[in-house]
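What's in data-v4.cif: mmCIF, C-alpha atoms
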data_input
loop_
_atom_site.label_atom_id
_atom_site.label_comp_id
_atom_site.auth_asym_id
_atom_site.auth_seq_id
_atom_site.Cartn_x
_atom_site.Cartn_y
_atom_site.Cartn_z
CA MET Z 1 89.65 35.33 78.48
CA ALA Z 2 93.11 36.40 77.39
CA LEU Z 3 94.10 36.42 73.76
CA TRP Z 4 97.00 34.35 72.54
CA SER Z 5 98.76 37.54 71.49
CA SER Z 6 98.22 39.45 74.77
CA GLY Z 7 101.51 38.43 76.37
CA VAL Z 8 99.93 36.20 79.09
CA THR Z 9 102.05 33.11 79.66
CA TRP Z 10 100.77 29.59 79.63
CA SER Z 11 101.55 29.15 83.36
CA SER Z 12 99.63 32.21 84.57
CA GLY Z 13 96.36 30.31 84.92
CA THR Z 14 94.57 32.59 82.47
CA LEU Z 15 92.76 30.87 79.61
CA TRP Z 16 93.65 31.83 76.05
CA GLY Z 17 91.03 32.79 73.55
CA PRO Z 18 91.00 33.25 69.77
CA ALA Z 19 92.51 36.34 68.21
CA PRO Z 20 90.00 38.91 66.92
CA THR Z 21 89.03 38.57 63.27
CA PRO Z 22 90.97 41.15 61.27
CA PRO Z 23 88.84 43.63 59.28
CA ALA Z 24 88.33 42.89 55.62
CA PRO Z 25 90.79 44.75 53.43
CA GLY Z 26 89.37 47.90 51.93
CA TYR Z 27 90.45 46.95 48.44
CA ALA Z 28 88.31 43.80 48.20
CA ASN Z 29 86.01 43.42 45.17
CA THR Z 30 87.15 46.59 43.48
CA ARG Z 31 87.12 45.28 39.91
CA ASN Z 32 85.19 47.39 37.47
CA LYS Z 33 82.14 45.75 35.96
CA ILE Z 34 82.26 45.35 32.22
CA LYS Z 35 79.27 46.93 30.50
CA HIS Z 36 78.11 45.05 27.44
CA MET Z 37 76.23 46.69 24.60
CA LYS Z 38 72.56 45.72 24.52
CA ARG Z 39 71.57 43.65 21.52
CA GLU Z 40 68.39 42.87 19.65
CA SER Z 41 67.04 39.33 19.44
CA TYR Z 42 69.00 37.42 16.79
CA TYR Z 43 65.91 35.64 15.43
CA PRO Z 44 64.08 37.85 12.92
CA ARG Z 45 60.74 39.16 14.13
CA ARG Z 46 59.45 39.58 10.58
CA LEU Z 47 58.23 36.33 9.05
CA ALA Z 48 59.50 37.36 5.61
CA GLU Z 49 63.09 37.54 6.91
CA ARG Z 50 63.17 34.12 8.59
CA PRO Z 51 63.69 31.87 5.54
CA GLU Z 52 66.92 33.71 4.63
CA TRP Z 53 68.09 33.50 8.26
CA HIS Z 54 67.60 29.72 8.32
CA ILE Z 55 69.34 29.29 4.96
CA ASN Z 56 72.33 31.29 6.20
CA LEU Z 57 72.53 29.30 9.43
CA ALA Z 58 72.40 26.01 7.50
CA ALA Z 59 75.28 27.16 5.30
CA LYS Z 60 77.41 28.54 8.15
CA LEU Z 61 76.93 25.47 10.34
CA GLN Z 62 78.79 23.47 7.72
CA ILE Z 63 81.67 25.96 7.90
CA HIS Z 64 81.93 26.56 11.64
CA GLY Z 65 80.55 23.24 12.90
CA PRO Z 66 83.89 21.38 12.93
CA THR Z 67 85.60 24.26 14.79
CA LEU Z 68 82.81 24.11 17.37
CA ASN Z 69 83.44 20.37 17.80
CA LEU Z 70 80.00 19.43 16.51
CA THR Z 71 79.72 15.92 15.16
CA THR Z 72 78.90 15.24 11.54
CA GLY Z 73 75.51 13.96 12.64
CA GLN Z 74 74.77 17.12 14.62
CA ILE Z 75 75.72 19.30 11.67
CA ASN Z 76 73.72 17.31 9.12
CA ASN Z 77 70.63 17.14 11.30
CA ALA Z 78 70.79 20.87 12.12
CA VAL Z 79 71.22 21.71 8.43
CA ALA Z 80 68.21 19.52 7.61
CA ASP Z 81 66.12 21.26 10.29
CA ASN Z 82 66.98 24.73 9.04
CA LEU Z 83 66.56 23.99 5.34
CA THR Z 84 63.14 22.51 6.09
CA LEU Z 85 62.19 25.52 8.22
CA ALA Z 86 63.30 27.86 5.43
CA TYR Z 87 61.18 25.94 2.93
CA GLY Z 88 58.13 25.86 5.20
CA LEU Z 89 58.31 29.55 6.11
CA GLY Z 90 59.20 30.59 2.55
CA ASP Z 91 58.21 28.87 -0.69
CA TRP Z 92 55.64 26.49 0.81
CA LEU Z 93 53.82 29.13 2.88
CA THR Z 94 53.87 31.61 0.00
CA ASN Z 95 52.29 29.09 -2.35
CA VAL Z 96 49.63 28.15 0.21
CA ARG Z 97 48.70 31.80 0.75
CA ASP Z 98 48.62 32.48 -2.96
CA LEU Z 99 46.23 29.57 -3.38
CA GLY Z 100 43.78 31.00 -0.82
CA PRO Z 101 42.36 33.91 -2.88
CA THR Z 102 42.37 31.75 -6.01
CA ALA Z 103 40.43 28.99 -4.25
CA THR Z 104 37.94 31.49 -2.79
CA ALA Z 105 37.30 33.05 -6.21
CA SER Z 106 36.94 29.60 -7.77
CA LEU Z 107 34.32 28.51 -5.21
CA LYS Z 108 32.47 31.78 -5.71
CA LEU Z 109 32.35 31.02 -9.43
CA LEU Z 110 31.15 27.49 -8.69
CA ASN Z 111 28.43 28.73 -6.32
CA LYS Z 112 27.02 31.70 -8.21
CA GLY Z 113 28.89 32.01 -11.50
CA THR Z 114 27.37 32.16 -14.97
CA GLY Z 115 28.41 31.04 -18.45
CA THR Z 116 28.58 27.89 -20.49
CA THR Z 117 32.20 26.90 -19.88
CA PRO Z 118 32.46 23.76 -17.70
CA TYR Z 119 33.72 24.49 -14.22
CA VAL Z 120 37.22 23.19 -13.38
CA PHE Z 121 38.89 23.33 -9.98
CA PRO Z 122 42.16 25.31 -9.97
CA THR Z 123 45.29 23.21 -9.90
CA TYR Z 124 47.95 23.57 -7.24
CA THR Z 125 51.62 22.70 -7.64
CA VAL Z 126 53.53 22.18 -4.40
CA ALA Z 127 56.90 23.92 -4.30
CA ALA Z 128 59.79 21.46 -4.55
CA PRO Z 129 61.14 20.62 -1.06
CA PRO Z 130 64.84 21.22 -0.27
CA THR Z 131 67.55 18.61 -0.75
CA LEU Z 132 68.72 17.53 2.70
CA PRO Z 133 72.24 16.33 3.60
CA VAL Z 134 72.97 12.66 2.99
CA GLY Z 135 72.75 10.76 6.26
CA ALA Z 136 70.59 13.34 8.05
CA ALA Z 137 67.80 11.95 10.21
CA PRO Z 138 64.21 12.60 9.10
CA VAL Z 139 63.07 16.03 10.27
CA LEU Z 140 60.67 15.58 13.19
CA PRO Z 141 58.36 18.18 14.79
CA GLY Z 142 60.12 20.76 16.95
CA ALA Z 143 62.79 21.85 14.45
CA LEU Z 144 62.83 25.46 15.65
CA ASP Z 145 63.12 24.45 19.31
CA ARG Z 146 66.02 22.15 18.43
CA THR Z 147 67.71 24.99 16.55
CA PHE Z 148 67.46 27.32 19.56
CA LEU Z 149 68.83 24.61 21.87
CA LEU Z 150 71.76 24.00 19.52
CA ILE Z 151 72.53 27.74 19.41
CA HIS Z 152 72.56 27.82 23.21
CA GLU Z 153 74.98 24.89 23.19
CA ILE Z 154 77.17 26.55 20.54
CA LYS Z 155 77.52 29.74 22.57
CA GLY Z 156 78.84 27.70 25.50
CA LYS Z 157 81.60 26.09 23.45
CA PRO Z 158 85.17 27.17 24.35
CA THR Z 159 85.96 27.63 20.65
CA TYR Z 160 82.96 29.91 20.04
CA THR Z 161 83.66 33.57 19.23
CA GLU Z 162 81.39 36.55 18.70
CA PRO Z 163 82.57 37.13 15.10
CA MET Z 164 81.62 33.52 14.43
CA GLY Z 165 78.20 34.14 15.96
CA LEU Z 166 77.69 37.25 13.86
CA ASP Z 167 78.56 35.30 10.72
CA MET Z 168 76.05 32.61 11.65
CA GLY Z 169 73.37 35.16 12.46
CA ILE Z 170 72.97 34.02 16.07
CA VAL Z 171 74.05 37.34 17.61
CA GLY Z 172 71.59 40.21 17.42
CA SER Z 173 72.49 43.66 16.18
CA GLU Z 174 73.50 46.27 18.73
CA VAL Z 175 70.74 48.49 20.07
CA PRO Z 176 71.60 51.98 18.86
CA VAL Z 177 72.55 54.49 21.52
CA PRO Z 178 70.93 57.89 21.02
CA PRO Z 179 73.49 60.61 20.22
CA PRO Z 180 74.11 63.34 22.82
CA GLY Z 181 71.28 65.84 22.99
CA SER Z 182 68.77 63.61 21.20
CA GLY Z 183 67.14 62.10 24.29
CA GLY Z 184 64.11 64.38 23.96
CA VAL Z 185 62.23 62.22 21.45
CA PRO Z 186 61.37 58.51 21.45
CA ARG Z 187 63.11 56.09 19.11
CA ILE Z 188 60.43 54.05 17.34
CA THR Z 189 60.28 51.40 14.62
CA VAL Z 190 57.00 50.59 12.88
CA THR Z 191 56.24 47.35 11.04
CA ALA Z 192 53.22 45.67 9.48
CA VAL Z 193 52.55 42.25 11.04
CA GLN Z 194 50.27 39.64 9.52
CA GLY Z 195 47.18 38.92 11.64
CA GLU Z 196 44.31 36.50 11.21
CA ASP Z 197 42.15 38.76 9.03
CA SER Z 198 44.60 41.45 7.89
CA GLN Z 199 47.87 43.05 8.85
CA PHE Z 200 48.20 45.21 11.96
CA LEU Z 201 50.60 47.92 13.09
CA ARG Z 202 53.41 47.14 15.54
CA ILE Z 203 55.31 50.04 17.14
CA LYS Z 204 58.55 49.13 18.87
CA PHE Z 205 60.04 51.84 21.07
CA TYR Z 206 62.73 52.60 23.64
CA LYS Z 207 61.71 54.45 26.79
CA ASP Z 208 65.23 55.77 27.52
CA LYS Z 209 64.47 56.04 31.27
CA HIS Z 210 61.01 57.57 30.72
CA GLU Z 211 57.79 55.96 31.96
CA GLY Z 212 56.39 55.28 28.50
CA ILE Z 213 55.28 56.87 25.23
CA TYR Z 214 52.23 58.69 23.94
CA ALA Z 215 51.65 57.86 20.26
CA GLU Z 216 49.28 59.10 17.60
CA VAL Z 217 48.43 57.44 14.29
CA ARG Z 218 47.09 58.96 11.07
CA ARG Z 219 45.22 56.49 8.85
CA GLY Z 220 44.84 57.04 5.14
CA GLY Z 221 45.78 60.73 5.31
CA GLY Z 222 43.12 61.57 7.90
CA GLY Z 223 43.52 63.29 11.24
CA TRP Z 224 45.83 62.23 14.07
CA GLU Z 225 44.27 59.69 16.46
CA ALA Z 226 45.70 58.94 19.91
CA LEU Z 227 46.55 55.38 20.90
CA PRO Z 228 46.48 54.18 24.52
CA VAL Z 229 49.57 55.24 26.48
CA SER Z 230 52.10 52.39 26.52
CA THR Z 231 54.72 51.71 29.18
CA GLN Z 232 55.98 48.52 27.57
CA SER Z 233 57.17 47.90 24.01
CA PRO Z 234 55.72 47.03 21.55
CA LEU Z 235 52.58 49.12 21.14
CA ILE Z 236 49.98 47.46 18.89
CA ASP Z 237 47.41 49.19 16.68
CA ASP Z 238 45.13 46.40 15.44
CA ARG Z 239 42.17 48.55 14.42
CA PRO Z 240 40.46 47.38 11.23
CA LEU Z 241 41.18 48.98 7.87
CA LEU Z 242 39.18 52.12 7.11
CA VAL Z 243 37.91 50.44 3.94
CA PRO Z 244 37.64 46.65 4.32
CA GLY Z 245 39.93 44.87 1.86
CA GLN Z 246 41.79 48.07 0.88
CA ALA Z 247 45.38 48.74 1.95
CA GLU Z 248 46.12 52.01 3.75
CA VAL Z 249 49.15 54.00 4.89
CA ARG Z 250 49.47 54.56 8.64
CA GLU Z 251 51.71 57.32 9.90
CA VAL Z 252 53.01 57.29 13.48
CA ARG Z 253 54.46 59.96 15.74
CA ALA Z 254 55.26 59.72 19.44
CA ARG Z 255 56.30 61.71 22.50
CA PHE Z 256 57.50 60.56 25.90
CA TRP Z 257 54.99 60.05 28.71
CA ASP Z 258 55.83 60.85 32.34
CA LYS Z 259 53.79 61.66 35.44
CA GLY Z 260 50.47 61.37 33.65
CA GLN Z 261 51.14 63.60 30.66
CA PRO Z 262 53.06 63.67 27.35
CA ASN Z 263 56.24 65.71 27.21
CA GLY Z 264 59.09 66.61 24.88
CA ASP Z 265 59.02 66.93 21.12
CA TRP Z 266 57.40 64.61 18.60
CA CYS Z 267 59.72 62.11 16.96
CA ASP Z 268 59.97 62.00 13.16
CA VAL Z 269 56.85 60.56 11.52
CA ALA Z 270 57.24 56.91 10.56
CA LYS Z 271 55.10 55.32 7.85
CA VAL Z 272 54.01 51.77 7.02
CA THR Z 273 51.44 50.27 4.66
CA ILE Z 274 48.84 48.00 6.25
CA SER Z 275 47.43 45.45 3.80
CA PRO Z 276 44.34 43.20 3.95
#
Show me, as structure tokens, the structure contained in the file I just sent.
Amino acid sequence: MALWSSGVTWSSGTLWGPAPTPPAPGYANTRNKIKHMKRESYYPRRLAERPEWHINLAAKLQIHGPTLNLTTGQINNAVADNLTLAYGLGDWLTNVRDLGPTATASLKLLNKGTGTTPYVFPTYTVAAPPTLPVGAAPVLPGALDRTFLLIHEIKGKPTYTEPMGLDMGIVGSEVPVPPPGSGGVPRITVTAVQGEDSQFLRIKFYKDKHEGIYAEVRRGGGGWEALPVSTQSPLIDDRPLLVPGQAEVREVRARFWDKGQPNGDWCDVAKVTISP
């Protein structure tokens, strides 16, 4: 079949066919990809830091809400959610936990105590709840889920900016990049996390293209003890306290792990106190 561009005339009796598809230009899709800095989660992992985060978000929603085209109802309800969350995770929870040891000691006295003074149950004063915005709907269960959904909506607004997000606390901090020549040791962060019976040790780390880390922990000034090799952060050390009910210092050091063995230098020793 002749092509339309081959020079064959219409009266020659030869059928025309379609022209061949031209090759794609070599310059197609040559835009450079923009690399964004990795960021931590914006929501605090430590329970003690969450009340302040919620209080800040409640305050900043009232400032940035109108710019983000949020309605007055959305702003008031979100402020109510976050003030209530701050209260529940802060003053209320602290008072409840403080009451626990006092109540236990009081029942011990009631059960097996001695003396001639009449027994009286300890009193408990509930922390005053926050004052919520006028017109806000009653706070229903699911306040944290609603907050996360609102943040997702906010970040999709055309008027949203990253500086605004940083001010509201809904953008995580940048993950630090190791300086040149420092890739030989793991970067770790150790924290004490509250468990059911006592606190436990949480070791967050960056593999920096290695398979994992090999970590050792020293409890209460004793010898170094190896933890299981971890290929995924965080690494948890939830062993019980050496002396039940007595706080202890745990020191952590780590090396990279590749091809079945530790390698490189130890990172600087990090310390944290684990409490009952």
Next on the checklist: So that I can see what lies close to Glu196 in chain Z, please list as an MDAnalysis selection string the residues with an atom at most 12 Å from it, counting only C-alpha atoms and leaving out residues fewer than 2 positions away in the same chain.
Outcome noted: chainID Z and resid 193:194 198:200 238 240 276
For the selection just defined, write its residues with C-alpha atoms to a file, as a short mmCIF file (atom, residue, chain, number, x, y, z; two decimals), in the coordinates of the input.
data_model
loop_
_atom_site.label_atom_id
_atom_site.label_comp_id
_atom_site.auth_asym_id
_atom_site.auth_seq_id
_atom_site.Cartn_x
_atom_site.Cartn_y
_atom_site.Cartn_z
CA VAL Z 193 52.55 42.25 11.04
CA GLN Z 194 50.27 39.64 9.52
CA SER Z 198 44.60 41.45 7.89
CA GLN Z 199 47.87 43.05 8.85
CA PHE Z 200 48.20 45.21 11.96
CA ASP Z 238 45.13 46.40 15.44
CA PRO Z 240 40.46 47.38 11.23
CA PRO Z 276 44.34 43.20 3.95
#
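You can rank Z:Val134, Z:Thr116, Z:Leu144, Z:His64 by their closest distance to Pro163 in chain Z using only C-alpha atoms, and at the top of that list sits Z:His64.
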Checklist entry - Which is closer to Val252 in chain Z than all the others in Z:Ser275, Z:Gly264, Z:Arg202, Z:Lys108, using all atoms listed in the file? => result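 Closest residue, counting all atoms listed in the file: Z:Arg202.
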Next on the checklist: I need the residue nearest Thr131 in chain Z from this list: Z:Ala80, Z:Leu110, Z:Val96, Z:Val190. Use all atoms listed in the file for the distance.
Outcome noted: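 Ranking Z:Ala80, Z:Leu110, Z:Val96, Z:Val190 by distance to Thr131 in chain Z, first place goes to Z:Ala80.
Separating CA of Pro158 in chain Z from CA of Thr84 in chain Z is a distance of 29.0 Å.
When all atoms listed in the file are used to measure the gap to Met168 in chain Z, the shortest distance among Z:Ala78, Z:Val185, Z:Ile274, Z:Ile63 belongs to Z:Ile63.
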I would like the residues chosen by the PyMOL selection byres ((chain Z and resi 45-60) around 10) on the shown file; could you give them as a short mmCIF file (atom, residue, chain, number, x, y, z; two decimals) with C-alpha atoms, keeping the file's coordinate frame?
data_model
loop_
_atom_site.label_atom_id
_atom_site.label_comp_id
_atom_site.auth_asym_id
_atom_site.auth_seq_id
_atom_site.Cartn_x
_atom_site.Cartn_y
_atom_site.Cartn_z
CA SER Z 41 67.04 39.33 19.44
CA TYR Z 42 69.00 37.42 16.79
CA TYR Z 43 65.91 35.64 15.43
CA PRO Z 44 64.08 37.85 12.92
CA LEU Z 61 76.93 25.47 10.34
CA GLN Z 62 78.79 23.47 7.72
CA ILE Z 63 81.67 25.96 7.90
CA HIS Z 64 81.93 26.56 11.64
CA GLY Z 65 80.55 23.24 12.90
CA ILE Z 75 75.72 19.30 11.67
CA ASN Z 76 73.72 17.31 9.12
CA ASN Z 77 70.63 17.14 11.30
CA ALA Z 78 70.79 20.87 12.12
CA VAL Z 79 71.22 21.71 8.43
CA ALA Z 80 68.21 19.52 7.61
CA ASP Z 81 66.12 21.26 10.29
CA ASN Z 82 66.98 24.73 9.04
CA LEU Z 83 66.56 23.99 5.34
CA THR Z 84 63.14 22.51 6.09
CA LEU Z 85 62.19 25.52 8.22
CA ALA Z 86 63.30 27.86 5.43
CA TYR Z 87 61.18 25.94 2.93
CA GLY Z 88 58.13 25.86 5.20
CA LEU Z 89 58.31 29.55 6.11
CA GLY Z 90 59.20 30.59 2.55
CA ASP Z 91 58.21 28.87 -0.69
CA THR Z 94 53.87 31.61 0.00
CA LEU Z 144 62.83 25.46 15.65
CA THR Z 147 67.71 24.99 16.55
CA MET Z 164 81.62 33.52 14.43
CA GLY Z 165 78.20 34.14 15.96
CA ASP Z 167 78.56 35.30 10.72
CA MET Z 168 76.05 32.61 11.65
CA GLY Z 169 73.37 35.16 12.46
CA ILE Z 170 72.97 34.02 16.07
CA THR Z 191 56.24 47.35 11.04
CA ALA Z 192 53.22 45.67 9.48
CA VAL Z 193 52.55 42.25 11.04
CA GLN Z 194 50.27 39.64 9.52
#
Item to check | Counting all atoms listed in the file, the option among Z:Ala137, Z:Leu99, Z:Val171, Z:Leu150 closest to Phe121 in chain Z | outcome: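 Ranking Z:Ala137, Z:Leu99, Z:Val171, Z:Leu150 by distance to Phe121 in chain Z, first place goes to Z:Leu99.
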Checklist entry - Of the candidates Z:Leu241, Z:Val272, Z:Leu166, Z:Leu235, which shows the shortest atom-to-atom distance to Asp197 in chain Z, using all atoms listed in the file? => result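 Using all atoms listed in the file, Asp197 in chain Z sits closest to Z:Leu241.
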Item to check | Residue contacts of Glu211 in chain Z (12 Å, all atoms listed in the file) excluding same-chain residues fewer than 4 positions away, as an NGL selection string | outcome: :Z and (186 or 205-207 or 229-233 or 255-263)
Checklist entry - Just how far from CA of Glu40 in chain Z is CA of Ile154 in chain Z, in Å to one decimal? => result 18.6 Å
Checklist entry - Could you state the separation of CA of Arg253 in chain Z and CA of Ala215 in chain Z in Å, given to one decimal place? => result 5.7 Å
List, as a PDB file with C-alpha atoms, keeping the file's coordinate frame, every residue that the PyMOL selection byres ((chain Z and resi 123) around 10) selects in the file provided.
ATOM      1  CA  LEU Z  99      46.230  29.570  -3.380  1.00  0.00           C
ATOM      2  CA  THR Z 102      42.370  31.750  -6.010  1.00  0.00           C
ATOM      3  CA  ALA Z 103      40.430  28.990  -4.250  1.00  0.00           C
ATOM      4  CA  VAL Z 120      37.220  23.190 -13.380  1.00  0.00           C
ATOM      5  CA  PHE Z 121      38.890  23.330  -9.980  1.00  0.00           C
ATOM      6  CA  PRO Z 122      42.160  25.310  -9.970  1.00  0.00           C
ATOM      7  CA  TYR Z 124      47.950  23.570  -7.240  1.00  0.00           C
ATOM      8  CA  THR Z 125      51.620  22.700  -7.640  1.00  0.00           C
ATOM      9  CA  VAL Z 126      53.530  22.180  -4.400  1.00  0.00           C
TER      10      VAL Z 126
END
